Each structure stands twice: as structure tokens, then as C-alpha cells.
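**Student:** First the structure, which I've put down as C-alpha cells, then a few questions once you've had a look.
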Amino acid sequence: MLHTWAWVAWLIAAAVSAFTIRNPLYLILLLGVAWILYTTLGRTTPMGSSWGSFVKLGAFLFALAIPFNALSIHIGQIVLFRIPENWPIVGGSITLEAIIAGAVSGLALLAILVVFAAFNAVVDHYQLLRATPSFLFQAGVVISIAITFVPQMVLSAREIRQAQRIRGHRFRGLRDLLPLVLPLLANSLERSIQLAETMEARGFGSAVSLPSRRRALLSQLGLLAALVGVLVGLSLLAFYQQGRFWAWLLVAIGVIGLLALFASSGRQVRRTRYRRPAWHARDTAIVLTSAISLAIVITTRLAAPMTLVYSPYPPNPLLPSFQPLVGVALLLLIAPAIVAPGLDRPARDTEQVA
Amino acid sequence: MIEFSHLTYSYPGTEATILQDLSLDVVEGEFLLVMGPSGAGKSTLLRCLNGLVPHFYGGTLSGTIRVDGRDPVALGPRGMADIVGFVLQDPEAQFVVDRVEDELAFALENQGLSPIVMRKRVEEALDQINIAHLRHRSVSTLSGGERQRVAIAAVMTLQPRVLVLDEPTSQLDPQAAEEVLDTLVKLNQDLGLTIILSEHRLERVVQYVDRILYLSGNGQPPILDEPRKVLDRVELTPPLITLAKALGWSPIPLTIKEGRRFARKASHRQPPARRTADRAPASPGANPNPPLSISVKELGFSYNGHPALSDLSLDVRQGEFVALMGRNGAGKTTLLKQLVGLLRPDQGQVQIMAPASGMAMDTRQASVEEIIKYVGYVPQNPNALLFNDTVSQELDFTQRGHGLPPGNHNALLDTLGLSEHANHYPRDLSVGERQRVALASILVAEPQVLLLDEPTRGLDYQQKDALVAFLQHERARGRTIIMATHDVELVANCADRVILLGDGQVIVDGPARQVMSESLVFASQINKLFRNPALLTVEDALDLYASGEPAHA
């Protein structure tokens with residue numbers, strides 16, 4: 001099993017590629033990489049079954065993008081047929097170029113979804129949640145409760161709908177929502193209060209030492225100053241051409257300040273982790289390959305933006321170009337499938353309650 | 001270990017004290033049962049032990065509490081978390097993390113313990129509660145009994161000195177309840193853990209507890225004594241003890257085994273003839289062969305490919321009182337939902353006879369609106385339907401839904417003992433009262449057939465008696481009643497026909513007396529005591545003794 005952070009590194013590299021690349025050859029390569037990862041690592045995981053729905057959604061978007069683009073863009077030399085000009089928006093010539101361009105944007109959407117689908121299938125969600133940094137631990141607990149809470153709420157909602165239906169409740173207007181929403185709300189509130197009670201009884205919150213008033217005020221002022229620094233720096237960068245060095249410096253100081261504040265408030269949480277998953281050499285390998293892949297894609301994007309983007313419209317050639325270096329960058333993303341197979345994940349949820 | 005002295009407490013916003021000048025002592029390793037009618041302050045007392053009262057609830061408290069030398073009033077729940085483990089009744093509402101093992105570690109992480117200590121504690125708790133096989137499971141896939149045991153394990157990881165449980169089995173079926181109570185007995189006997197438990201199912205625990213604290217709730221002073229002495233003085237008792245008290249058996253038997261000693265002498269006797277016959281039809285002089293009310297033919301149904309009912313046929317006649325029994329997942333609730341049209345058959349058919357027209361409605365064609373004119377369904381959880389500001393508005397809502405003119409509900413509320421609550425907020429009422437409000441808000445539409453799903457969950461003996469009386473009254477008025485339940489004593493008291501479901505099929509269908517006396521699992525306490533198929537309830541047994549010589553022996 002790979003470390004969660006190694007997977008996060010992979011996701012960053014893969015997602016950046018999926019978001020920046022608009023060339024069908026690279027996109028198909030990326031799709032292949034994600035598919036191989038899923039088949040080697042993600043098929044047997046608890047979330048593995050969600051892969052199919054991601055792919056279906058992607059395929060639907062792909063199928064939708066083609067007619068959408070073909071009907072709304074009327075540029076191109078290879079005209080397939082014409083729709084009367086006086087029809088709003090769709091009127092004009094339908095060209096092969098527009099269809100190809102639609103397919104490429106559809107492919108890009110599909111690639112983004114499939115990258116996330118692969119990540120979703122292979123990563124351990126509980127580990128991901130538990131990897132939240134200390135200063136965010138309360139947010140982590142909230143999300144974890146929500147994950148536990150939502151399935152119960154769905155069941156509860158169904159129960160309520162049926163119970164009210166038996167009392168002759170019919171849905172005719174917004175007012176008729178009340179008999180459904182009020183019990184759901186009341187049930188959830190009652191449940192939350194009970195949960196709060198058990199959490200309190202189990203010592204939740206005793207891990208946070210409350211800072212003194214002065215300390216709290218100082219850290220709030222620090223937060224404000226750091227945020228102002230970042231904002232001012234960024235707006236200088238956006239609107240002025242001069243003094244870029246000072247602007248970057250301001251942003252950097254702001255970011256460092258923020259990180260320091262987070263770290264210090266994280267230290268006030270005297271909370272330990274049940275299990276810190278071990279970091280292995282293979283995790284380092286994944287982070288390195290992902291970093292190299294990311295670096296190649298970003299430098300290509302900055303140095304020669306057009307390499308990553310393909311446009312079928314004239315005067316461009318109809319066939320997409322292919323840069324071997326970018327291909328290598330995408331192939332590097334397959335690393336987890338090479339180093340990780342055979343590492344068993346703990347069996348889980350194999351038994352289901354009828 | 002635990003000392004209360006002159007404890008008096010009232011909730012915020014009320015003048016009335018719920019605990020009044022309470023003093024008690026619990027020694028280390030004791031198993032104490034807290035009992036009493038709902039609203040007597042059981043939960044309040046338990047919450048005093050770890051400071052949830054008054055820290056979480058507010059209110060005014062006087063007197064002193066000491067638990068293992070600490071003062072929960074001063075320290076609050078966080079300060080008590082490591083010595084008092086606290087488990088609530090609803091197993092669904094106590095989980096923070098979805099995975100069993102991480103849920104066990106949650107409290108430890110909050111205490112800032114080192115990972116090595118945590119690993120050890122989690123392993124130990126998994127073994128103590130015997131749930132190691134569940135460690136990687138997601139909480140949402142567990143059964144009720146398993147969840148409650150995980151909740152117990154999750155507080156055991158903190159290695160508390162005292163385990164406090166507030167009606168931990170009231171939401172569970174008998175099998176799951178047994179799992180949980182067995183776990184507690186084991187913890188008490190093997191580890192010497194001090195356990196304080198409030199519980200309705202006395203028959204399962206009285207033989208294991210050291211003492212009982214009885215809170216009367218009506219201003220009488222509480223009773224704290226050993227089980228036999230307390231049970232002798234209180235009215236909320238299981239059938240075995242009720243019978244023993246009525247017959248003057250001494251010492252009071254706490255288990256069937258102890259009771260057999262007294263009952264053996266009587267079991268060879270033949271009961272009076274009228275008891276051997278099955279219960280008479282609803283009203284004397286009524287049609288001996290009443291018309292059909294519901295007819296199910298070869299019904300098959302599955303949830304997303306999982307078969308729930310298969311090839312199920314049964315007929316219910318007007319005025320019958322039918323109990324559907326069987327283990328969890330046997331298809332009881334699914335069948336009830338089929339009868340009211342919330343689910344429709346995949347194969348076969350369900351027909352509802354409409355008395356008004358004499359026509360049969362097929363649930364595949366009829367709309368729910370048509371069916372509910374004749375069939376009323378009270379779901380398991382009354383909270384699913386209560387949402388209005390007052391009890392009478394709940395009834396008005398159902399009447400409007402049925403297109404009936406608004407009527408006067410006093411008579412109905414009166415028979416259900418709810419008249420004083422007509423203008424109260426339904427969700428503020430006790431579990432038993434809420435159950436009755438749900439019942440009233442279905443009955444107000446006067447359905448010919450009444451379907452009940454687990455109507456006694458969470459009720460104490462008195463509330464159960466009140467429900468039995470009410471259902472018998474409704475049946476005498478000619479209403480057909482079909483109820484799904486695990487409650488053997490309830491069935492023994494009022495049903496005249498039992499249908500045992502297993503795996504979505506009818507296993508046994510016959511007169512209550514016959515089905516129940518031939519079964520080991522579904523035999524009532526009195527039935528087990530006398531091993532006599534003719535005796536199901538306390539009244540049956542009392543009749544037997546009244547007919548022969550005096551029973552003191």
C-alpha cells in the first residue's frame with residue numbers, strides 16, 4: 001500500500017496535466033495511464049466500484065461536447081453540411097474541424113474525471129482524512145462525522161417520506177415540504193446532540209489547550225497581516241509591471257507567515273495519531289517521478305504553450321503534433337502501477353449486512 | 001467508588017426537581033441496575049456520574065458527587081472521560097469515524113497518548129469485547145448489536161474504572177440485546193469493572209446484578225437494595241416475577257431455572273378447559289367465518305436483486321390479530337410495506353378488500369391514497385412522522401391528508417391516555433407517549449386494517465401493558481391488526497395467530513398458542529416455566545392455580 005502523500009503527489013502531477021493539456025494524443029496517453037493504475041491497484045478497493053460511474057459521467061460529457069461544439073462553432077474548411085443561416089446560434093456550416101475540436105475538449109473533460117476516478121479508487125479515504133494537518137484537525141473531524149452521518153440521513157429521509165405518505169401527504173407545492181423537512185431536521189438535531197454528548201463524554205476537545213486572550217489576539221493580528229501581504233503582493237503582480245521582485249517578496253513573506261501561524265496553532269493541539277503509515281522508498285520514488293513529470297509539463301507550458309494545445313482550425317494542420325518528452329512525462333505517471341502491485345491492502349467490508 | 005450525598009437537581013427552566021436529596025454508595029466492582037418508569041430521572045442520574053449533568057445540560061445542582069475520588073461537577077465530562085465510560089441508547093448516534101478500529105482509537109487520540117500505548121489499548125479492547133473480526137469494517141455495515149458492542153469497546157479503550165450505560169438495548173431486537181448484555185456481564189465478572197446500567201429488559205439482567213436502584217418518579221424515595229427485595233416492592237416486573245409475587249413464591253425466582261422448582265409441582269395439572277381452546281373470535285356472536293380482509297398470493301419481491309420475499313401466500317380475515325415474527329431480515333417490514341402499497345409486488349399479488357364496496361383492490365393498480373383509506377401503517381420509529389407543534393395538530397394533518405372533515409379527537413386521545421398532552425409538542429413526550437401519538441395519528445383516519453412495526457421497542461412493562469390493553473380494545477371493535485414484532489410476551493398477551501417468517505417465506509402459520517408452545521425461541525416466560533402449551537401468560541397461570549388447590553407448597 002502506498003503512502004497517502006505519495007498518492008497526493010501523483011494526483012497533483014496527473015491533474016495538472018489533465019487541466020493544461022488539450023492535445024488528443026497526450027490525453028489518450030493519460031487516459032491509458034489512469035486506466036492501467038485502476039486495473040492493477042484500484043479494482044479490489046472499497047471505492048473501486050465508483051470508477052464505473054466516473055467513467056460513465058466522463059463518457060456522457062464527451063458525447064455531449066461533440067454536438068455542442070459542432071453546432072455552435074462554424075469555422076473550418078471541411079464543411080460536412082449546412083444548417084440554414086437564419087436559425088439562431090446553430091445556423092451555419094457544420095465542419096469536421098469543429099467536430100474534432102469538440103471531441104478534443106470532451107476528451108479533456110474525460111481525462112480530468114478519469115484521473116480523479118483513479119485517485120478515488122486507489123487512495124485510502126480514511127488515511128487521507130487522517131492526514132489533515134493538525135491545525136485543520138477540527139475540520140477533519142467534521143468531515144469524518146459527515147461521512148458517517150450522511151448515509152443515516154438518507155435512510156431517515158426515506159423513512160419519513162414513506163411515513164407521511166401513509167398519512168395521506170401528497171406533494172403539491174412548496175408548503176408540502178414541511179412535513180418532510182421538519183422531522184428530518186428534528187431527527188438530525190437530536191442525533192447531533194447525542195453525538196456531541198458522546199464526544200464530550202469521550203474527552204473530545206481536551207486535546208486543545210485554549211490560548212490566552214493575548215496570544216489569541218496576537219495570532220489573529222498576525223493572520224490578518226499575512227493575508228494582507230499576500231493579497232497586496234498578488235494585486236501588484238497582476239496590475240503593475242514594475243517592482244515585480246518586491247511584489248514576489250511580499251507574497252513569499254505572507255505565505256511564510258501563514259504557514260508559521262498554522263504550525264503554531266497546530267502545536268497547541270495535543271493530539272496524537274493512532275497510526276502513522278510508514279514511508280517507504282517506493283513512496284519517495286512515486287513523489288520523484290510525479291515531480292519530474294510535473295516539471296516537464298509546466299516548463300513545456302511556460303516555454304512553448306502551443307505544444308500542449310492542439311487546434312484543428314485552419315491554418316493549423318489537421319493532425320496533432322507529438323513531443324516525445326511530454327509523452328515521457330505522462331508515462332512517468334504509471335510508476336505506482338510498477339512499484340506497488342502485490343502490496344496487499346487490508347481486507348475490508350467484505351462482509352455485508354443483509 | 002461512587003458516592004452521592006444529598007444530590008438534588010432540576011433542569012433549566014423548570015422548578016420541579018428530577019432528583020431529590022438522593023444519597024447512595026456504589027462499591028468497586030458492583031453491577032448496579034437503575035430502573036423505574038420513564039421520566040423518573042434514570043438518564044439524569046447516569047449523566048451526573050461524568051458531569052454531563054450539569055455541564056452539558058445546565059440546570060441547578062446541589063449536594064456532592066464523588067467518582068473514584070474525583071468531583072464530576074467541578075471537572076466536567078472531559079475531566080472524567082478517562083475514568084467513566086459512557087454509552088448511549090441509540091447505537092447510530094455515537095460514531096465519529098466510520099471505521100471500527102479508528103473509532104476505537106478516536107478517544108485515545110484526543111487524550112494525546114503515544115501510538116504504542118494506543119495500539120495496545122485498541123487490541124485489548126477488541127479482544128475484551130470480542131469484536132476483533134469487525135476491526136476493518138465500516139460502522140454503517142454493522143448490525144445494531146455489533147454497533148452497540150463497538151460503542152462499548154470505544155469507551156473501554158480509555159480503561160475506565162466505571163462503565164455507565166443508558167438503556168443500551170432499547171433500540172435493539174432481543175438477539176442483539178442479548179449479545180450486548182452478555183458482554184456487560186462478562187466485563188463485570190472477568191474484569192471486576194463497576195457497571196451502572198439502566199435497562200428495561202429485566203429478565204435478562206436481574207440474575208447478574210448485585211443491587212437495583214429503583215427511582216419511582218412520583219416523589220417516593222428511591223429504593224436501593226438487592227434484586228429480590230426491590231422486585232418484591234415494585235410493579236414493573238417481568239412475567240415470571242409478577243407470577244411469583246402473585247403466588248407468594250419465596251424467595252422470588254430470578255430465572256426460569258429457579259422458577260421451575262415452584263412450577264414443577266403444578267405442571268402435571270390440567271388447566272381449565274376454556275384456556276386450552278384458542279382465543280375466541282373478536283366479539284361473541286360475530287360471524288364465525290368473517291370475510292377476507294387481505295389476501296396475498298405467491299408474492300415475490302426483491303431489493304436491487306436481493307430477494308426479500310418469495311412465493312409468500314396468506315389470507316387475513318376481518319377482526320384477526322396476527323403477529324409476524326422471525327429474525328431480522330426475515331422480511332417482516334417488507335411484507336407490511338407491501339400490504340400498504342409502499343412497495344409493489346414483483347411477482348404474485350396483494351389484494352386489499354374494500355369493505356365499503358366489497359371490491360378487492362390490487363396493490364399494483366391502486367394508488368397509495370386509495371389503499372390508506374382501508375389500511376393504516378405505524379412505522380417502527382415514531383420520530384419519522386411527528387412534526388407538528390401539538391398532538392392534536394398531528395391528528396388534524398392526517399385527517400386533511402385523507403380528505404376527512406376535521407373532527408373531535410378527544411375520545412381517541414382519551415383511550416390512548418393522551419388527553420392531557422393534546423396541546424403538547426409531540427417530540428417532547430416520552431418514547432411510549434410518542435409511540436401512542438404515532439398510533440393516534442394513523443388511527444384517526446379509522447383504517448379497517450392496522451399494521452404495526454415493532455410497536456414495543458423502548459417501552460417499559462407498564463407502557464407495554466397499556467399498549468396491549470389498547471390493541472385488545474381496538475380488536476374488540478372489529479379492527480384487523482397485523483403486527484411485526486420480536487416481543488414474545490406481547491404476542492402471548494394479545495395475538496391470536498402467529499406467522500413465522502424466515503428468508504422471505506412463511507415457515508409456520510397457526511394459532512398463537514400452538515405456534516408459541518412448540519417453539520424454543522418464541523416461547524413466553526410462563527410457557528417455559530410450566531412447559532405446558534396451554535399456558536402463555538400470567539393470567540393463564542393464575543387461572544390454573546385458582547382452579548386447583550392453593551399453590552403454596
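Labels used: A, B, ... for chains in the order of the C-alpha cells, numbers from 1 for residues in each chain, and numbers from 1 for ligands as shown.
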Could you please tell me, as a list in words, which residues of chain B have an atom within 6 Å of chain A when using only C-alpha atoms?
**Tutor:**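 Result: Pro77, Arg78, Ala81, Ala93, Gln94, Val96, Val97, Asp98, Ala107, Glu109, Asn110, Gly112, Pro115, His136, Arg137, Thr141, Ala384, Leu385, Phe387, Thr398, Gly401 and His402 of chain B.
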**Student:** Using N, CA and C atoms, can you write the selected residues to a file as a PDB file, in the first residue's frame?
**Tutor:**
```
ATOM      1  N   PRO B  77     -17.313  16.680  31.918  1.00  0.00           N
ATOM      2  CA  PRO B  77     -17.156  15.402  31.207  1.00  0.00           C
ATOM      3  C   PRO B  77     -15.740  15.147  30.689  1.00  0.00           C
ATOM      4  N   ARG B  78     -15.062  16.213  30.243  1.00  0.00           N
ATOM      5  CA  ARG B  78     -13.709  15.990  29.712  1.00  0.00           C
ATOM      6  C   ARG B  78     -12.765  15.501  30.779  1.00  0.00           C
ATOM      7  N   ALA B  81     -13.502  11.763  31.482  1.00  0.00           N
ATOM      8  CA  ALA B  81     -13.537  10.818  30.362  1.00  0.00           C
ATOM      9  C   ALA B  81     -12.682   9.589  30.594  1.00  0.00           C
ATOM     10  N   ALA B  93     -26.039   6.976  16.849  1.00  0.00           N
ATOM     11  CA  ALA B  93     -25.681   8.378  17.053  1.00  0.00           C
ATOM     12  C   ALA B  93     -24.376   8.557  17.800  1.00  0.00           C
ATOM     13  N   GLN B  94     -23.565   7.494  17.950  1.00  0.00           N
ATOM     14  CA  GLN B  94     -22.378   7.683  18.769  1.00  0.00           C
ATOM     15  C   GLN B  94     -21.074   7.539  18.014  1.00  0.00           C
ATOM     16  N   VAL B  96     -18.026   8.696  15.431  1.00  0.00           N
ATOM     17  CA  VAL B  96     -17.374   9.850  14.852  1.00  0.00           C
ATOM     18  C   VAL B  96     -16.649   9.443  13.576  1.00  0.00           C
ATOM     19  N   VAL B  97     -16.077   8.242  13.592  1.00  0.00           N
ATOM     20  CA  VAL B  97     -15.301   7.759  12.459  1.00  0.00           C
ATOM     21  C   VAL B  97     -16.012   6.526  11.917  1.00  0.00           C
ATOM     22  N   ASP B  98     -15.931   6.314  10.614  1.00  0.00           N
ATOM     23  CA  ASP B  98     -16.725   5.262  10.005  1.00  0.00           C
ATOM     24  C   ASP B  98     -16.073   3.886  10.120  1.00  0.00           C
ATOM     25  N   ALA B 107     -10.934   8.243  20.909  1.00  0.00           N
ATOM     26  CA  ALA B 107     -10.834   8.839  22.242  1.00  0.00           C
ATOM     27  C   ALA B 107      -9.380   8.901  22.699  1.00  0.00           C
ATOM     28  N   GLU B 109      -6.716   9.236  20.810  1.00  0.00           N
ATOM     29  CA  GLU B 109      -6.026  10.320  20.101  1.00  0.00           C
ATOM     30  C   GLU B 109      -6.299  11.655  20.791  1.00  0.00           C
ATOM     31  N   ASN B 110      -7.529  11.801  21.277  1.00  0.00           N
ATOM     32  CA  ASN B 110      -7.864  13.039  21.953  1.00  0.00           C
ATOM     33  C   ASN B 110      -7.157  13.195  23.282  1.00  0.00           C
ATOM     34  N   GLY B 112      -4.157  12.332  23.630  1.00  0.00           N
ATOM     35  CA  GLY B 112      -2.756  12.575  23.316  1.00  0.00           C
ATOM     36  C   GLY B 112      -1.834  11.451  23.756  1.00  0.00           C
ATOM     37  N   PRO B 115       1.436   6.456  20.195  1.00  0.00           N
ATOM     38  CA  PRO B 115       0.907   5.418  19.295  1.00  0.00           C
ATOM     39  C   PRO B 115       1.106   4.006  19.839  1.00  0.00           C
ATOM     40  N   HIS B 136     -11.849  -4.022  10.681  1.00  0.00           N
ATOM     41  CA  HIS B 136     -11.714  -3.241   9.450  1.00  0.00           C
ATOM     42  C   HIS B 136     -13.056  -2.869   8.839  1.00  0.00           C
ATOM     43  N   ARG B 137     -14.134  -3.235   9.502  1.00  0.00           N
ATOM     44  CA  ARG B 137     -15.448  -2.986   8.902  1.00  0.00           C
ATOM     45  C   ARG B 137     -15.835  -1.515   9.035  1.00  0.00           C
ATOM     46  N   THR B 141     -21.996  -0.803   8.050  1.00  0.00           N
ATOM     47  CA  THR B 141     -22.374  -2.150   7.617  1.00  0.00           C
ATOM     48  C   THR B 141     -22.660  -3.080   8.799  1.00  0.00           C
ATOM     49  N   ALA B 384     -40.330   9.448  12.748  1.00  0.00           N
ATOM     50  CA  ALA B 384     -40.379   9.648  11.305  1.00  0.00           C
ATOM     51  C   ALA B 384     -41.619  10.430  10.908  1.00  0.00           C
ATOM     52  N   LEU B 385     -42.650  10.435  11.722  1.00  0.00           N
ATOM     53  CA  LEU B 385     -43.843  11.157  11.250  1.00  0.00           C
ATOM     54  C   LEU B 385     -44.241  12.353  12.079  1.00  0.00           C
ATOM     55  N   PHE B 387     -44.162  15.978  13.384  1.00  0.00           N
ATOM     56  CA  PHE B 387     -43.501  17.242  13.050  1.00  0.00           C
ATOM     57  C   PHE B 387     -44.319  18.452  13.448  1.00  0.00           C
ATOM     58  N   THR B 398     -53.310  14.322   9.514  1.00  0.00           N
ATOM     59  CA  THR B 398     -53.696  13.066   8.877  1.00  0.00           C
ATOM     60  C   THR B 398     -55.101  13.183   8.290  1.00  0.00           C
ATOM     61  N   GLY B 401     -55.002  15.016   5.145  1.00  0.00           N
ATOM     62  CA  GLY B 401     -54.382  14.170   4.130  1.00  0.00           C
ATOM     63  C   GLY B 401     -55.371  13.172   3.550  1.00  0.00           C
ATOM     64  N   HIS B 402     -56.278  12.702   4.382  1.00  0.00           N
ATOM     65  CA  HIS B 402     -57.262  11.733   3.919  1.00  0.00           C
ATOM     66  C   HIS B 402     -58.498  12.415   3.359  1.00  0.00           C
TER      67      HIS B 402
END
```
**Student:** Mind listing the alpha helix (DSSP H) residues of segment 102-322 of chain A, per DSSP on the backbone, as JSON, numbers by chain?
**Tutor:** {"A": [102, 103, 104, 105, 106, 107, 108, 109, 110, 111, 112, 113, 114, 115, 116, 117, 118, 119, 120, 121, 122, 125, 126, 127, 128, 129, 130, 137, 138, 139, 140, 141, 142, 143, 144, 145, 146, 147, 148, 149, 150, 151, 152, 153, 154, 155, 156, 157, 158, 159, 160, 161, 162, 163, 164, 165, 166, 178, 179, 180, 181, 182, 183, 184, 185, 186, 187, 188, 189, 190, 191, 192, 193, 194, 195, 196, 197, 198, 199, 200, 201, 213, 214, 215, 216, 217, 218, 219, 220, 221, 222, 223, 224, 225, 226, 227, 228, 229, 230, 231, 232, 233, 234, 235, 236, 237, 238, 239, 244, 245, 246, 247, 248, 249, 250, 251, 252, 253, 254, 255, 256, 257, 258, 259, 260, 261, 262, 263, 264, 265, 266, 267, 281, 282, 283, 284, 285, 286, 287, 288, 289, 290, 291, 292, 293, 294, 295, 296, 297, 298, 299, 300, 301, 302, 303]}
**Student:** Can you spit out the residues from that selection as a short mmCIF file (atom, residue, chain, number, x, y, z; two decimals), in the first residue's frame, using C-alpha atoms?
**Tutor:**
```cif
data_model
loop_
_atom_site.label_atom_id
_atom_site.label_comp_id
_atom_site.auth_asym_id
_atom_site.auth_seq_id
_atom_site.Cartn_x
_atom_site.Cartn_y
_atom_site.Cartn_z
CA GLY A 102 -15.44 19.21 -29.69
CA ALA A 103 -14.10 15.70 -29.35
CA VAL A 104 -10.81 17.02 -28.00
CA SER A 105 -12.48 19.18 -25.33
CA GLY A 106 -14.68 16.20 -24.46
CA LEU A 107 -11.56 14.07 -24.16
CA ALA A 108 -10.01 16.65 -21.83
CA LEU A 109 -13.08 16.54 -19.57
CA LEU A 110 -12.99 12.76 -19.63
CA ALA A 111 -9.29 12.78 -18.73
CA ILE A 112 -9.87 15.04 -15.71
CA LEU A 113 -12.66 12.78 -14.44
CA VAL A 114 -10.70 9.60 -15.04
CA VAL A 115 -7.65 10.95 -13.19
CA PHE A 116 -9.83 11.70 -10.17
CA ALA A 117 -11.61 8.36 -10.56
CA ALA A 118 -8.28 6.53 -10.44
CA PHE A 119 -7.17 8.51 -7.37
CA ASN A 120 -10.52 7.88 -5.72
CA ALA A 121 -10.25 4.15 -6.35
CA VAL A 122 -6.67 3.68 -5.16
CA HIS A 125 -10.03 7.67 2.22
CA TYR A 126 -9.64 7.27 5.95
CA GLN A 127 -5.90 7.73 5.70
CA LEU A 128 -6.48 10.77 3.53
CA LEU A 129 -8.80 12.23 6.12
CA ARG A 130 -6.41 11.42 8.92
CA PHE A 137 -7.93 18.72 12.71
CA GLN A 138 -11.32 20.05 13.73
CA ALA A 139 -12.27 20.40 10.08
CA GLY A 140 -11.09 16.83 9.57
CA VAL A 141 -13.33 15.62 12.39
CA VAL A 142 -16.29 17.49 10.91
CA ILE A 143 -15.79 15.82 7.52
CA SER A 144 -15.38 12.43 9.14
CA ILE A 145 -18.63 12.89 11.07
CA ALA A 146 -20.36 13.98 7.89
CA ILE A 147 -19.22 10.81 6.14
CA THR A 148 -20.65 8.75 8.98
CA PHE A 149 -23.79 10.90 9.17
CA VAL A 150 -24.91 11.20 5.56
CA PRO A 151 -25.91 7.57 4.89
CA GLN A 152 -28.03 7.63 8.04
CA MET A 153 -29.69 10.84 6.91
CA VAL A 154 -30.56 9.38 3.54
CA LEU A 155 -32.21 6.40 5.24
CA SER A 156 -34.02 8.66 7.65
CA ALA A 157 -35.33 10.81 4.78
CA ARG A 158 -36.74 7.77 3.00
CA GLU A 159 -38.41 6.58 6.19
CA ILE A 160 -40.02 9.98 6.72
CA ARG A 161 -41.28 10.22 3.15
CA GLN A 162 -42.97 6.84 3.43
CA ALA A 163 -44.45 7.57 6.85
CA GLN A 164 -46.00 10.83 5.66
CA ARG A 165 -47.30 9.25 2.51
CA ILE A 166 -49.28 6.80 4.62
CA LEU A 178 -42.59 20.98 5.71
CA PRO A 179 -43.86 17.52 6.76
CA LEU A 180 -40.77 16.04 5.15
CA VAL A 181 -38.16 18.59 6.16
CA LEU A 182 -39.21 19.24 9.76
CA PRO A 183 -38.90 15.64 11.01
CA LEU A 184 -35.60 15.25 9.15
CA LEU A 185 -34.29 18.41 10.73
CA ALA A 186 -35.52 17.42 14.17
CA ASN A 187 -34.09 13.91 13.86
CA SER A 188 -30.73 15.24 12.72
CA LEU A 189 -30.62 17.77 15.52
CA GLU A 190 -31.48 15.18 18.14
CA ARG A 191 -28.81 12.92 16.73
CA SER A 192 -26.23 15.70 16.67
CA ILE A 193 -26.90 16.50 20.29
CA GLN A 194 -26.42 12.85 21.21
CA LEU A 195 -23.22 12.73 19.20
CA ALA A 196 -21.98 15.88 20.91
CA GLU A 197 -22.74 14.25 24.23
CA THR A 198 -20.79 11.08 23.48
CA MET A 199 -17.88 13.06 22.05
CA GLU A 200 -17.79 15.18 25.18
CA ALA A 201 -18.00 12.06 27.35
CA ARG A 213 -6.52 36.08 25.24
CA ARG A 214 -3.37 37.98 24.41
CA ARG A 215 -1.95 35.10 22.42
CA ALA A 216 -5.22 34.64 20.56
CA LEU A 217 -5.31 38.34 19.66
CA LEU A 218 -1.70 38.30 18.50
CA SER A 219 -2.25 35.28 16.28
CA GLN A 220 -5.35 36.87 14.76
CA LEU A 221 -3.44 40.07 14.01
CA GLY A 222 -0.63 38.00 12.55
CA LEU A 223 -3.11 36.17 10.32
CA LEU A 224 -4.56 39.46 9.11
CA ALA A 225 -1.11 40.93 8.34
CA ALA A 226 -0.01 37.81 6.46
CA LEU A 227 -3.20 37.72 4.38
CA VAL A 228 -2.90 41.44 3.54
CA GLY A 229 0.72 40.82 2.49
CA VAL A 230 -0.27 38.03 0.12
CA LEU A 231 -3.20 39.98 -1.34
CA VAL A 232 -1.24 43.20 -1.90
CA GLY A 233 1.63 41.23 -3.44
CA LEU A 234 -0.68 39.41 -5.81
CA SER A 235 -2.50 42.54 -6.91
CA LEU A 236 0.81 44.32 -7.54
CA LEU A 237 1.80 41.39 -9.74
CA ALA A 238 -1.49 41.48 -11.59
CA PHE A 239 -1.79 45.19 -12.27
CA ARG A 244 7.93 42.54 -9.54
CA PHE A 245 10.73 41.45 -7.22
CA TRP A 246 9.22 43.34 -4.28
CA ALA A 247 5.78 42.00 -5.05
CA TRP A 248 7.04 38.42 -5.08
CA LEU A 249 8.91 39.07 -1.82
CA LEU A 250 5.69 40.35 -0.24
CA VAL A 251 3.79 37.26 -1.34
CA ALA A 252 6.56 34.99 -0.07
CA ILE A 253 6.69 36.70 3.33
CA GLY A 254 2.91 36.48 3.61
CA VAL A 255 2.86 32.77 2.77
CA ILE A 256 5.68 32.00 5.20
CA GLY A 257 3.84 33.97 7.88
CA LEU A 258 0.65 31.99 7.26
CA LEU A 259 2.45 28.67 7.42
CA ALA A 260 4.18 29.66 10.67
CA LEU A 261 0.85 30.66 12.22
CA PHE A 262 -0.77 27.39 11.18
CA ALA A 263 2.14 25.42 12.57
CA SER A 264 1.99 27.23 15.88
CA SER A 265 -1.77 26.75 16.26
CA GLY A 266 -1.30 23.11 15.25
CA ARG A 267 1.17 22.69 18.09
CA ALA A 281 11.50 4.06 -0.65
CA ARG A 282 8.74 3.34 -3.16
CA ASP A 283 6.82 6.36 -1.85
CA THR A 284 9.88 8.52 -2.47
CA ALA A 285 10.06 7.04 -5.97
CA ILE A 286 6.46 7.99 -6.67
CA VAL A 287 6.97 11.53 -5.41
CA LEU A 288 10.13 11.90 -7.53
CA THR A 289 8.59 10.58 -10.76
CA SER A 290 5.48 12.72 -10.19
CA ALA A 291 7.66 15.78 -9.57
CA ILE A 292 9.69 15.18 -12.76
CA SER A 293 6.51 14.70 -14.77
CA LEU A 294 5.02 17.85 -13.31
CA ALA A 295 8.21 19.83 -14.01
CA ILE A 296 8.30 18.74 -17.66
CA VAL A 297 4.64 19.64 -18.21
CA ILE A 298 4.95 23.02 -16.51
CA THR A 299 8.18 24.03 -18.30
CA THR A 300 6.69 22.97 -21.63
CA ARG A 301 3.59 25.00 -20.85
CA LEU A 302 5.71 28.09 -19.97
CA ALA A 303 8.33 27.73 -22.72
#
```
**Student:** Report, in Å with one decimal, the straight-line distance from atom CA of Phe530 of chain B to atom CA of Val488 of chain B.
**Tutor:** 15.9 Å
**Student:** Which value, in Å to one decimal, gives the distance between atom CA of Phe95 of chain B and atom CA of Ser143 of chain B?
**Tutor:**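 Result for atom CA of Phe95 of chain B versus atom CA of Ser143 of chain B: 13.8 Å, one decimal.
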**Student:** Per DSSP on the backbone, filter segment 74-147 of chain B down to the residues in strand (DSSP E) and report them as a list in words.
**Tutor:** Val84, Gly85, Phe86 and Val87 of chain B
**Student:** Counting only C-alpha atoms, what is within 10 Å of Leu45 of chain B, bar same-chain residues fewer than 5 positions away, as an MDAnalysis selection string?
**Tutor:** chainID B and resid 4 7 9 18:19 22 34 40 50 53 166 198 215
**Student:** How many Å lie between atom CA of Ser392 of chain B and atom CA of Gly36 of chain B, rounded to one decimal?
**Tutor:**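 Between these atoms lies a distance of 28.8 Å.
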**Student:** Find the residues around Gln525 of chain B up to 7 Å (only C-alpha atoms counted), leave out those fewer than 2 positions away in its own chain, and share them as an MDAnalysis selection string.
**Tutor:** chainID B and resid 239:240 523 527:529
**Student:** Kindly indicate which residue among B:Ile499, B:Ala125, B:Val368, B:Leu165 lies nearest to Gln514 of chain B, using only C-alpha atoms for the distances.
**Tutor:**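 Answer, going by the shortest atom-to-atom distance: B:Ile499.
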**Student:** Which neighbours of Gln89 of chain B fall inside 8 Å, counting only C-alpha atoms, when residues of the same chain fewer than 5 positions from it are skipped, and could you give them as a PyMOL selection string?
**Tutor:** chain B and resi 165-171
**Student:** Hey, which of B:Arg436, B:His409, B:Lys464, B:Arg47 ends up closest to Leu197 of chain B? Count only C-alpha atoms.
**Tutor:** B:Arg47
